[in-house]
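This is model-v9.pdb. It holds PDB, C-alpha atoms.
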```
ATOM      1  CA  MET A 118     -19.583  21.470 -22.401
ATOM      2  CA  SER A 119     -17.388  23.946 -20.518
ATOM      3  CA  PRO A 120     -13.636  23.225 -20.203
ATOM      4  CA  ARG A 121     -14.037  22.914 -16.424
ATOM      5  CA  ARG A 122     -16.850  20.378 -16.739
ATOM      6  CA  SER A 123     -14.920  18.498 -19.417
ATOM      7  CA  ALA A 124     -11.842  18.273 -17.166
ATOM      8  CA  ALA A 125     -13.951  17.075 -14.232
ATOM      9  CA  GLU A 126     -15.572  14.402 -16.391
ATOM     10  CA  ALA A 127     -12.141  13.257 -17.586
ATOM     11  CA  GLN A 128     -10.988  12.967 -13.966
ATOM     12  CA  ARG A 129     -14.049  10.912 -13.050
ATOM     13  CA  THR A 130     -13.425   8.585 -15.994
ATOM     14  CA  ARG A 131      -9.762   8.225 -15.089
ATOM     15  CA  GLY A 132     -10.746   7.451 -11.508
ATOM     16  CA  ARG A 133     -13.219   4.801 -12.654
ATOM     17  CA  ILE A 134     -10.541   3.169 -14.799
ATOM     18  CA  LEU A 135      -8.037   3.148 -11.943
ATOM     19  CA  ASP A 136     -10.576   1.773  -9.463
ATOM     20  CA  ARG A 137     -11.186  -1.203 -11.744
ATOM     21  CA  ALA A 138      -7.490  -1.598 -12.561
ATOM     22  CA  ALA A 139      -6.576  -1.705  -8.856
ATOM     23  CA  ALA A 140      -9.249  -4.314  -8.147
ATOM     24  CA  ILE A 141      -7.950  -6.526 -10.947
ATOM     25  CA  ALA A 142      -4.296  -6.023 -10.008
ATOM     26  CA  SER A 143      -4.922  -6.919  -6.371
ATOM     27  CA  VAL A 144      -6.088 -10.360  -7.514
ATOM     28  CA  GLU A 145      -4.070 -11.022 -10.684
ATOM     29  CA  GLY A 146      -1.079  -8.722 -10.330
ATOM     30  CA  LEU A 147      -0.188  -5.576 -12.226
ATOM     31  CA  ASP A 148       0.505  -7.698 -15.315
ATOM     32  CA  GLY A 149      -3.175  -8.668 -15.252
ATOM     33  CA  ILE A 150      -4.315  -5.189 -16.276
ATOM     34  CA  THR A 151      -4.381  -4.142 -19.915
ATOM     35  CA  ILE A 152      -5.960  -1.278 -21.777
ATOM     36  CA  GLY A 153      -8.038  -3.721 -23.846
ATOM     37  CA  ARG A 154      -9.367  -5.575 -20.827
ATOM     38  CA  LEU A 155     -10.322  -2.390 -18.993
ATOM     39  CA  ALA A 156     -12.060  -1.036 -22.083
ATOM     40  CA  GLU A 157     -14.119  -4.223 -22.343
ATOM     41  CA  GLU A 158     -15.007  -4.405 -18.642
ATOM     42  CA  LEU A 159     -15.919  -0.718 -18.428
ATOM     43  CA  THR A 160     -17.730  -0.723 -21.805
ATOM     44  CA  MET A 161     -15.363   1.908 -23.177
ATOM     45  CA  SER A 162     -13.411   2.079 -26.398
ATOM     46  CA  LYS A 163      -9.716   1.151 -26.300
ATOM     47  CA  SER A 164      -8.885   4.637 -27.483
ATOM     48  CA  GLY A 165     -10.952   6.054 -24.628
ATOM     49  CA  VAL A 166      -8.827   4.208 -22.077
ATOM     50  CA  HIS A 167      -5.614   4.746 -24.032
ATOM     51  CA  LYS A 168      -5.919   8.533 -24.042
ATOM     52  CA  HIS A 169      -5.763   8.580 -20.227
ATOM     53  CA  PHE A 170      -2.586   6.496 -19.921
ATOM     54  CA  GLY A 171      -0.968   5.871 -23.292
ATOM     55  CA  THR A 172       0.855   2.649 -22.413
ATOM     56  CA  LYS A 173       0.349  -0.418 -20.266
ATOM     57  CA  GLU A 174       3.342   0.597 -18.154
ATOM     58  CA  ALA A 175       1.867   4.049 -17.496
ATOM     59  CA  LEU A 176      -1.396   2.349 -16.505
ATOM     60  CA  GLN A 177       0.461   0.041 -14.120
ATOM     61  CA  LEU A 178       2.348   2.938 -12.537
ATOM     62  CA  SER A 179      -0.841   4.962 -12.102
ATOM     63  CA  THR A 180      -2.630   1.947 -10.598
ATOM     64  CA  LEU A 181       0.163   1.372  -8.083
ATOM     65  CA  ASP A 182       0.177   5.065  -7.183
ATOM     66  CA  LYS A 183      -3.597   5.087  -6.684
ATOM     67  CA  ALA A 184      -3.435   2.037  -4.399
ATOM     68  CA  PHE A 185      -0.623   3.547  -2.345
ATOM     69  CA  VAL A 186      -2.404   6.889  -1.967
ATOM     70  CA  ASP A 187      -5.532   5.070  -0.765
ATOM     71  CA  PHE A 188      -3.422   3.056   1.707
ATOM     72  CA  TRP A 189      -1.689   6.222   2.955
ATOM     73  CA  HIS A 190      -4.955   8.069   3.469
ATOM     74  CA  ARG A 191      -6.446   5.174   5.405
ATOM     75  CA  VAL A 192      -3.397   4.196   7.490
ATOM     76  CA  VAL A 193      -1.024   7.130   7.907
ATOM     77  CA  GLU A 194      -3.101  10.290   7.617
ATOM     78  CA  PRO A 195      -5.389   9.472  10.592
ATOM     79  CA  ALA A 196      -2.277   9.247  12.806
ATOM     80  CA  ARG A 197      -0.896  12.646  11.806
ATOM     81  CA  SER A 198      -2.457  14.302  14.850
ATOM     82  CA  ASP A 199      -0.754  11.845  17.225
ATOM     83  CA  PRO A 200       2.535  12.875  18.837
ATOM     84  CA  PRO A 201       5.579  11.494  17.002
ATOM     85  CA  GLY A 202       7.291   8.480  18.504
ATOM     86  CA  LEU A 203       5.647   5.372  19.957
ATOM     87  CA  VAL A 204       2.130   6.818  20.093
ATOM     88  CA  ARG A 205       2.057   7.618  16.395
ATOM     89  CA  LEU A 206       3.965   4.460  15.491
ATOM     90  CA  ARG A 207       1.464   2.255  17.308
ATOM     91  CA  SER A 208      -1.419   4.127  15.691
ATOM     92  CA  VAL A 209       0.057   3.634  12.217
ATOM     93  CA  CYS A 210       0.755  -0.045  12.915
ATOM     94  CA  ARG A 211      -2.816  -0.542  14.157
ATOM     95  CA  GLY A 212      -4.046   1.079  10.979
ATOM     96  CA  SER A 213      -1.881  -1.137   8.787
ATOM     97  CA  VAL A 214      -3.126  -4.313  10.485
ATOM     98  CA  ASP A 215      -6.731  -3.116  10.142
ATOM     99  CA  TYR A 216      -6.060  -2.296   6.472
ATOM    100  CA  LEU A 217      -4.802  -5.828   5.810
ATOM    101  CA  GLU A 218      -7.587  -7.431   7.843
ATOM    102  CA  HIS A 219     -10.282  -5.383   6.080
ATOM    103  CA  PRO A 220      -8.730  -4.527   2.693
ATOM    104  CA  LEU A 221     -10.038  -1.943   0.285
ATOM    105  CA  LEU A 222      -9.397  -4.276  -2.669
ATOM    106  CA  PRO A 223     -10.733  -7.798  -3.317
ATOM    107  CA  GLY A 224      -7.267  -9.375  -3.456
ATOM    108  CA  GLY A 225      -5.866  -7.629  -0.402
ATOM    109  CA  CYS A 226      -2.901  -5.268  -0.340
ATOM    110  CA  LEU A 227      -1.794  -4.353  -3.854
ATOM    111  CA  MET A 228       1.607  -3.091  -2.662
ATOM    112  CA  THR A 229       2.348  -6.480  -1.097
ATOM    113  CA  ALA A 230       1.208  -8.292  -4.243
ATOM    114  CA  ALA A 231       3.353  -5.985  -6.383
ATOM    115  CA  LEU A 232       6.363  -6.572  -4.134
ATOM    116  CA  THR A 233       6.376 -10.301  -4.801
ATOM    117  CA  GLU A 234       5.484  -9.790  -8.477
ATOM    118  CA  TYR A 235       8.270  -7.310  -9.244
ATOM    119  CA  ASP A 236      11.038  -7.712  -6.659
ATOM    120  CA  GLY A 237      13.285  -9.583  -9.102
ATOM    121  CA  ARG A 238      12.316  -7.774 -12.309
ATOM    122  CA  PRO A 239      14.133  -4.661 -13.527
ATOM    123  CA  GLY A 240      12.298  -1.654 -14.905
ATOM    124  CA  ARG A 241      10.207   1.375 -14.025
ATOM    125  CA  VAL A 242       7.411  -0.578 -12.342
ATOM    126  CA  ARG A 243       9.884  -2.365 -10.093
ATOM    127  CA  ASP A 244      11.470   0.999  -9.229
ATOM    128  CA  ALA A 245       8.035   2.414  -8.367
ATOM    129  CA  VAL A 246       7.268  -0.580  -6.139
ATOM    130  CA  ALA A 247      10.602  -0.084  -4.369
ATOM    131  CA  ALA A 248       9.814   3.621  -3.916
ATOM    132  CA  VAL A 249       6.431   3.076  -2.255
ATOM    133  CA  TRP A 250       7.913   0.446   0.062
ATOM    134  CA  SER A 251      10.752   2.811   0.953
ATOM    135  CA  ARG A 252       8.272   5.565   1.774
ATOM    136  CA  TRP A 253       6.283   3.215   4.030
ATOM    137  CA  GLN A 254       9.399   2.012   5.842
ATOM    138  CA  ASP A 255      10.715   5.579   6.191
ATOM    139  CA  GLN A 256       7.455   6.515   7.915
ATOM    140  CA  LEU A 257       7.875   3.695  10.440
ATOM    141  CA  HIS A 258      11.592   4.312  10.940
ATOM    142  CA  THR A 259      11.086   8.028  11.599
ATOM    143  CA  ASP A 260       8.883   7.291  14.613
ATOM    144  CA  LEU A 261      11.248   4.582  15.841
ATOM    145  CA  ARG A 262      14.119   7.091  15.809
ATOM    146  CA  VAL A 263      12.002   9.710  17.565
ATOM    147  CA  ALA A 264      11.077   7.157  20.239
ATOM    148  CA  VAL A 265      14.774   6.539  20.928
ATOM    149  CA  GLU A 266      15.669  10.243  20.880
ATOM    150  CA  SER A 267      12.827  11.097  23.283
ATOM    151  CA  GLY A 268      13.673   8.282  25.712
ATOM    152  CA  GLU A 269      10.538   6.235  25.020
ATOM    153  CA  LEU A 270      12.913   3.520  23.877
ATOM    154  CA  PRO A 271      16.381   3.089  25.376
ATOM    155  CA  ALA A 272      19.555   4.371  23.761
ATOM    156  CA  GLY A 273      21.013   1.610  21.660
ATOM    157  CA  PHE A 274      17.612   0.159  20.804
ATOM    158  CA  ASP A 275      17.958  -1.594  17.438
ATOM    159  CA  THR A 276      15.539   0.390  15.295
ATOM    160  CA  GLU A 277      16.545  -1.462  12.131
ATOM    161  CA  GLN A 278      15.670  -4.816  13.687
ATOM    162  CA  ALA A 279      12.352  -3.464  14.985
ATOM    163  CA  LEU A 280      11.554  -2.072  11.538
ATOM    164  CA  PHE A 281      12.373  -5.419   9.943
ATOM    165  CA  GLU A 282      10.069  -7.275  12.338
ATOM    166  CA  ILE A 283       7.197  -4.810  11.930
ATOM    167  CA  VAL A 284       7.346  -5.063   8.146
ATOM    168  CA  ALA A 285       7.699  -8.849   8.342
ATOM    169  CA  ALA A 286       4.579  -9.039  10.527
ATOM    170  CA  GLY A 287       2.600  -7.209   7.853
ATOM    171  CA  LEU A 288       3.840  -9.465   5.067
ATOM    172  CA  ALA A 289       3.094 -12.589   7.115
ATOM    173  CA  LEU A 290      -0.370 -11.281   7.964
ATOM    174  CA  ASN A 291      -1.243 -10.603   4.347
ATOM    175  CA  ALA A 292      -0.097 -14.097   3.349
ATOM    176  CA  ALA A 293      -2.057 -15.751   6.179
ATOM    177  CA  LEU A 294      -5.213 -13.847   5.297
ATOM    178  CA  GLN A 295      -5.007 -14.297   1.539
ATOM    179  CA  LEU A 296      -3.745 -17.884   1.397
ATOM    180  CA  ARG A 297      -5.330 -19.481   4.452
ATOM    181  CA  ARG A 298      -8.110 -17.106   5.509
ATOM    182  CA  ASP A 299      -6.599 -17.344   8.997
ATOM    183  CA  THR A 300      -8.880 -15.332  11.287
ATOM    184  CA  THR A 301      -6.306 -15.458  14.110
ATOM    185  CA  ALA A 302      -3.544 -13.893  12.034
ATOM    186  CA  ALA A 303      -4.346 -10.240  12.806
ATOM    187  CA  GLY A 304      -3.962 -10.870  16.530
ATOM    188  CA  ARG A 305      -0.654 -12.613  15.913
ATOM    189  CA  ALA A 306       0.566  -9.679  13.837
ATOM    190  CA  ARG A 307      -0.379  -7.211  16.578
ATOM    191  CA  ARG A 308       1.521  -9.269  19.157
ATOM    192  CA  ALA A 309       4.538  -9.556  16.864
ATOM    193  CA  ILE A 310       4.629  -5.778  16.427
ATOM    194  CA  GLU A 311       4.438  -5.199  20.177
ATOM    195  CA  ARG A 312       7.265  -7.671  20.738
ATOM    196  CA  ALA A 313       9.357  -5.784  18.183
ATOM    197  CA  LEU A 314       8.903  -2.628  20.281
ATOM    198  CA  ARG A 315       9.894  -4.196  23.591
ATOM    199  CA  ALA A 316      13.048  -2.762  25.091
ATOM    200  CA  ASP A 317      14.129  -5.966  26.879
TER     201      ASP A 317
END
```
As structure tokens, the full file:
Amino acid sequence: MSPRRSAAEAQRTRGRILDRAAAIASVEGLDGITIGRLAEELTMSKSGVHKHFGTKEALQLSTLDKAFVDFWHRVVEPARSDPPGLVRLRSVCRGSVDYLEHPLLPGGCLMTAALTEYDGRPGRVRDAVAAVWSRWQDQLHTDLRVAVESGELPAGFDTEQALFEIVAAGLALNAALQLRRDTTAAGRARRAIERALRAD
């Protein structure tokens, strides 16, 4: 086997492991994934899984990163061609509501699950969770600031409060969908986001 083919096969195997790890973690949390469990479920040897990640923590970090990249590609990247400010912000918010309403993973949003799992626990995984949430909020806040600077929103508009309410709407939506299977929740989240953007 050529080195190029060998590297491609290793990437495919790593991707298969992370796909399964993300599915498990979305339901049971990042603590629910172990090298032994993934080896058993994917009919691989433990050493075969271990060589891709080395430790459970490295596996958790890679799983979180994979889930966030998938979220970013589905929610943020499609809005890149929109003009910055309210147009792009609304597009990204629509995408985030759609993502929560029709999740890629069986247990819903892994970043939201990881937030509640790790918010009070120190360590590298907690720091990684904080980093992905900061990146998401920075994306939203950038367009809020642009909307104020461009006059789409009035001077003095409280962008921090709007950001808080937008993020809160997403968290509430995920909880309503996952805990109560509330089919009206997405509409409520969309209305909450629009209210957060009102200038009055």
Checklist entry - Between CA of Pro239 (chain A) and CA of Ala142 (chain A), what is the distance, to one decimal in Å? => result 18.8 Å
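In this comparison, which uses all atoms listed in the file, the residue of A:Leu176, A:Leu261, A:Gly132, A:Ala140 approaching Gly273 (chain A) most closely is A:Leu261.
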Next on the checklist: Please enumerate the residues selected by the PyMOL selection byres ((chain A and resi 241) around 12) when evaluated against the supplied file, formatted as a ChimeraX atom specification.
Outcome noted: /A:173-179,181,235-236,238-240,242-248
Item to check | Surrounding residues of Gln254 (chain A) excluding itself and chain neighbours under 2 positions, 12 Å, only C-alpha atoms, as a list in words | outcome: Val193, Leu206, Val209, Cys210, Ala247, Ala248, Val249, Trp250, Ser251, Arg252, Gln256, Leu257, His258, Thr259, Asp260, Leu261, Thr276, Glu277, Ala279, Leu280, Phe281, Glu282, Ile283, Val284, Ala285 and Gly287 of chain A
Next on the checklist: List the spatial neighbours of Val166 (chain A) as JSON, numbers by chain - criterion: any atom at most 12 Å away, only C-alpha atoms, same-chain residues fewer than 4 positions off excluded.
Outcome noted: {"A": [127, 130, 131, 132, 133, 134, 135, 137, 138, 150, 151, 152, 153, 154, 155, 156, 157, 158, 159, 160, 161, 162, 170, 171, 172, 173, 175, 176]}
Pull C-alpha atoms from the residues just selected and write them as a PDB file, in the frame of the given file.
```
ATOM      1  CA  ALA A 127     -12.141  13.257 -17.586  1.00  0.00           C
ATOM      2  CA  THR A 130     -13.425   8.585 -15.994  1.00  0.00           C
ATOM      3  CA  ARG A 131      -9.762   8.225 -15.089  1.00  0.00           C
ATOM      4  CA  GLY A 132     -10.746   7.451 -11.508  1.00  0.00           C
ATOM      5  CA  ARG A 133     -13.219   4.801 -12.654  1.00  0.00           C
ATOM      6  CA  ILE A 134     -10.541   3.169 -14.799  1.00  0.00           C
ATOM      7  CA  LEU A 135      -8.037   3.148 -11.943  1.00  0.00           C
ATOM      8  CA  ARG A 137     -11.186  -1.203 -11.744  1.00  0.00           C
ATOM      9  CA  ALA A 138      -7.490  -1.598 -12.561  1.00  0.00           C
ATOM     10  CA  ILE A 150      -4.315  -5.189 -16.276  1.00  0.00           C
ATOM     11  CA  THR A 151      -4.381  -4.142 -19.915  1.00  0.00           C
ATOM     12  CA  ILE A 152      -5.960  -1.278 -21.777  1.00  0.00           C
ATOM     13  CA  GLY A 153      -8.038  -3.721 -23.846  1.00  0.00           C
ATOM     14  CA  ARG A 154      -9.367  -5.575 -20.827  1.00  0.00           C
ATOM     15  CA  LEU A 155     -10.322  -2.390 -18.993  1.00  0.00           C
ATOM     16  CA  ALA A 156     -12.060  -1.036 -22.083  1.00  0.00           C
ATOM     17  CA  GLU A 157     -14.119  -4.223 -22.343  1.00  0.00           C
ATOM     18  CA  GLU A 158     -15.007  -4.405 -18.642  1.00  0.00           C
ATOM     19  CA  LEU A 159     -15.919  -0.718 -18.428  1.00  0.00           C
ATOM     20  CA  THR A 160     -17.730  -0.723 -21.805  1.00  0.00           C
ATOM     21  CA  MET A 161     -15.363   1.908 -23.177  1.00  0.00           C
ATOM     22  CA  SER A 162     -13.411   2.079 -26.398  1.00  0.00           C
ATOM     23  CA  PHE A 170      -2.586   6.496 -19.921  1.00  0.00           C
ATOM     24  CA  GLY A 171      -0.968   5.871 -23.292  1.00  0.00           C
ATOM     25  CA  THR A 172       0.855   2.649 -22.413  1.00  0.00           C
ATOM     26  CA  LYS A 173       0.349  -0.418 -20.266  1.00  0.00           C
ATOM     27  CA  ALA A 175       1.867   4.049 -17.496  1.00  0.00           C
ATOM     28  CA  LEU A 176      -1.396   2.349 -16.505  1.00  0.00           C
TER      29      LEU A 176
END
```
Per-residue nearest contacts region 151-208 of chain A to region 303-314 of chain A, cut-off 12 Å, using only C-alpha atoms, as a Markdown table:
```
| residue | atom | partner | partner_atom | distance |
| --- | --- | --- | --- | --- |
| A:Gly202 | CA | A:Leu314 | CA | 11.4 |
| A:Leu203 | CA | A:Leu314 | CA | 8.6 |
| A:Val204 | CA | A:Leu314 | CA | 11.6 |
| A:Leu206 | CA | A:Leu314 | CA | 9.9 |
| A:Arg207 | CA | A:Glu311 | CA | 8.5 |
| A:Ser208 | CA | A:Arg307 | CA | 11.4 |
```
Would you output that residue set with C-alpha atoms, as a compact mmCIF listing (two decimals), in the frame of the given file?
```
# COMPACT_ATOMS: atom_id res chain seq x y z
CA GLY A 202 7.29 8.48 18.50
CA LEU A 203 5.65 5.37 19.96
CA VAL A 204 2.13 6.82 20.09
CA LEU A 206 3.96 4.46 15.49
CA ARG A 207 1.46 2.26 17.31
CA SER A 208 -1.42 4.13 15.69
```
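Interatomic distance, CA of Gly212 (chain A) against CA of Ser198 (chain A): 13.9 Å.
Going from CA of Asp148 (chain A) over to CA of Ala124 (chain A), you cover 28.8 Å.
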So that I can see what lies close to Leu221 (chain A), please list as a JSON list (two decimals) with C-alpha atoms, keeping the file's coordinate frame the residues with an atom at most 10 Å from it, counting all atoms listed in the file and leaving out residues fewer than 4 positions away in the same chain.
```json
[["chain", "number", "residue", "atom", "x", "y", "z"],
["A", 139, "ALA", "CA", -6.58, -1.70, -8.86],
["A", 140, "ALA", "CA", -9.25, -4.31, -8.15],
["A", 143, "SER", "CA", -4.92, -6.92, -6.37],
["A", 184, "ALA", "CA", -3.44, 2.04, -4.40],
["A", 187, "ASP", "CA", -5.53, 5.07, -0.76],
["A", 188, "PHE", "CA", -3.42, 3.06, 1.71],
["A", 191, "ARG", "CA", -6.45, 5.17, 5.40],
["A", 216, "TYR", "CA", -6.06, -2.30, 6.47],
["A", 217, "LEU", "CA", -4.80, -5.83, 5.81],
["A", 225, "GLY", "CA", -5.87, -7.63, -0.40],
["A", 226, "CYS", "CA", -2.90, -5.27, -0.34],
["A", 227, "LEU", "CA", -1.79, -4.35, -3.85]]
```
Next on the checklist: List as a list in words the protein and nucleic acid residues near Asp299 (chain A), meaning an atom at most 9 Å away when all atoms listed in the file are counted, but skip any in the same chain fewer than 5 places from it.
Outcome noted: Leu290, Ala293 and Leu294 of chain A
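Each of A:Val263, A:Ile141, A:Ala316, A:Ala125 was compared to Gly224 (chain A) using all atoms listed in the file, and A:Ile141 turns out to be the nearest.
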Enclosing box along x, y and z for every listed atom of region 265-273 of chain A, padded 5 Å each side, centre and size in Å, one decimal, as JSON:
```
{"center_x": 15.8, "center_y": 6.4, "center_z": 23.3, "size_x": 20.5, "size_y": 19.5, "size_z": 14.8}
```
